[in-house]
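Have a look at the structure below, then the notes.
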Amino acid sequence: MIHLLYNLTLKGLLKALSFLLASGLFAMILLKSTTFGLYFGGKIPYFALLAFYGMGILWIHGIGFEIRSKIWQLVFLPLIGYAIVIPSLCILF
């Protein structure tokens with residue numbers, strides 16, 4: 001099941017989307033650092049760690065690193081990264 005979900009996102013366009021979303025979140029964190037600090041580091045600072053986790057997942061996927069172990073595929077599943085980064089970008093934008 002995990003292998004099927006991971007292979008679903010191995011297409012070139014989705015890897016490019018992952019790279020662009022991770023780069024976009026990185027740029028928004030740099031350009032709007034006070035907004036990031038207020039929304040993600042205010043009451044619950046774990047949201048900032050979650051945003052960095054999602055960005056890390058999408059960097060790994062966007063660069064093209066292929067994970068073979070099922071456990072690590074579950075930890076670095078790109079669908080989880082999309083579910084974290086897209087709302088984070090919506091909040092910062």
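We name chains A, B, ... following the order of the structure tokens; residues begin at 1 in each chain, and ligands are numbered from 1 as shown.
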
Inset, instruction - Find the residues near region 28-33 of chain A: any atom within 9 Å, counting only C-alpha atoms, skip ones fewer than 4 places away on the same chain, and give them as a VMD selection string. - result: chain A and resid 23 to 24 37 to 38 89 92 to 93

Using only C-alpha atoms, which residues sit within 7 Å of His61 (chain A) once same-chain residues fewer than 5 positions away are excluded, as an mmCIF file with N, CA and C atoms, in the first residue's frame?
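What follows is the written file result-v9.cif:
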```cif
data_model
loop_
_atom_site.group_PDB
_atom_site.id
_atom_site.type_symbol
_atom_site.label_atom_id
_atom_site.label_comp_id
_atom_site.auth_asym_id
_atom_site.auth_seq_id
_atom_site.Cartn_x
_atom_site.Cartn_y
_atom_site.Cartn_z
ATOM 1 N N LYS A 15 7.390 15.783 -9.373
ATOM 2 C CA LYS A 15 8.685 16.102 -8.757
ATOM 3 C C LYS A 15 9.017 17.571 -8.951
ATOM 4 N N SER A 18 6.908 19.489 -6.547
ATOM 5 C CA SER A 18 7.467 19.381 -5.195
ATOM 6 C C SER A 18 8.624 20.346 -5.012
ATOM 7 N N PRO A 78 5.465 11.916 -0.223
ATOM 8 C CA PRO A 78 5.227 13.253 -0.779
ATOM 9 C C PRO A 78 3.802 13.762 -0.587
#
```

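Ranking A:Asn7, A:Gly41, A:Gly54, A:Phe26 by their shortest atom-to-atom distance to Glu66 (chain A), with only C-alpha atoms included, puts A:Asn7 first.
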
Inset, instruction - Within chain A, find each residue whose DSSP state, derived from the backbone, is helix (DSSP H, G or I), and express the selection as an NGL selection string. - result: :A and (2-8 or 12-31 or 33-41 or 46-63 or 70-75 or 78-92)

Legend entry - Contact residues around Ile60 (chain A) with only C-alpha atoms at 12 Å, ignoring same-chain residues under 5 positions, as JSON, numbers by chain: {"A": [10, 15, 16, 18, 19, 21, 22, 23, 53, 54, 55, 65, 66, 67, 72, 73, 75, 76, 77, 78, 81]}

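In this model, the gap between CA of Leu50 (chain A) and CA of Ser69 (chain A) comes to 22.5 Å.
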
Legend entry - Neighbour list for Ser88 (chain A) as a ChimeraX atom specification, cut-off 9 Å, only C-alpha atoms, skip fewer than 4 positions in-chain: /A:25,40,51,83-84,92-93

Legend entry - Coordinates-based distance that separates CA of Phe36 (chain A) from CA of Ile63 (chain A) (Å, one decimal): 24.7 Å
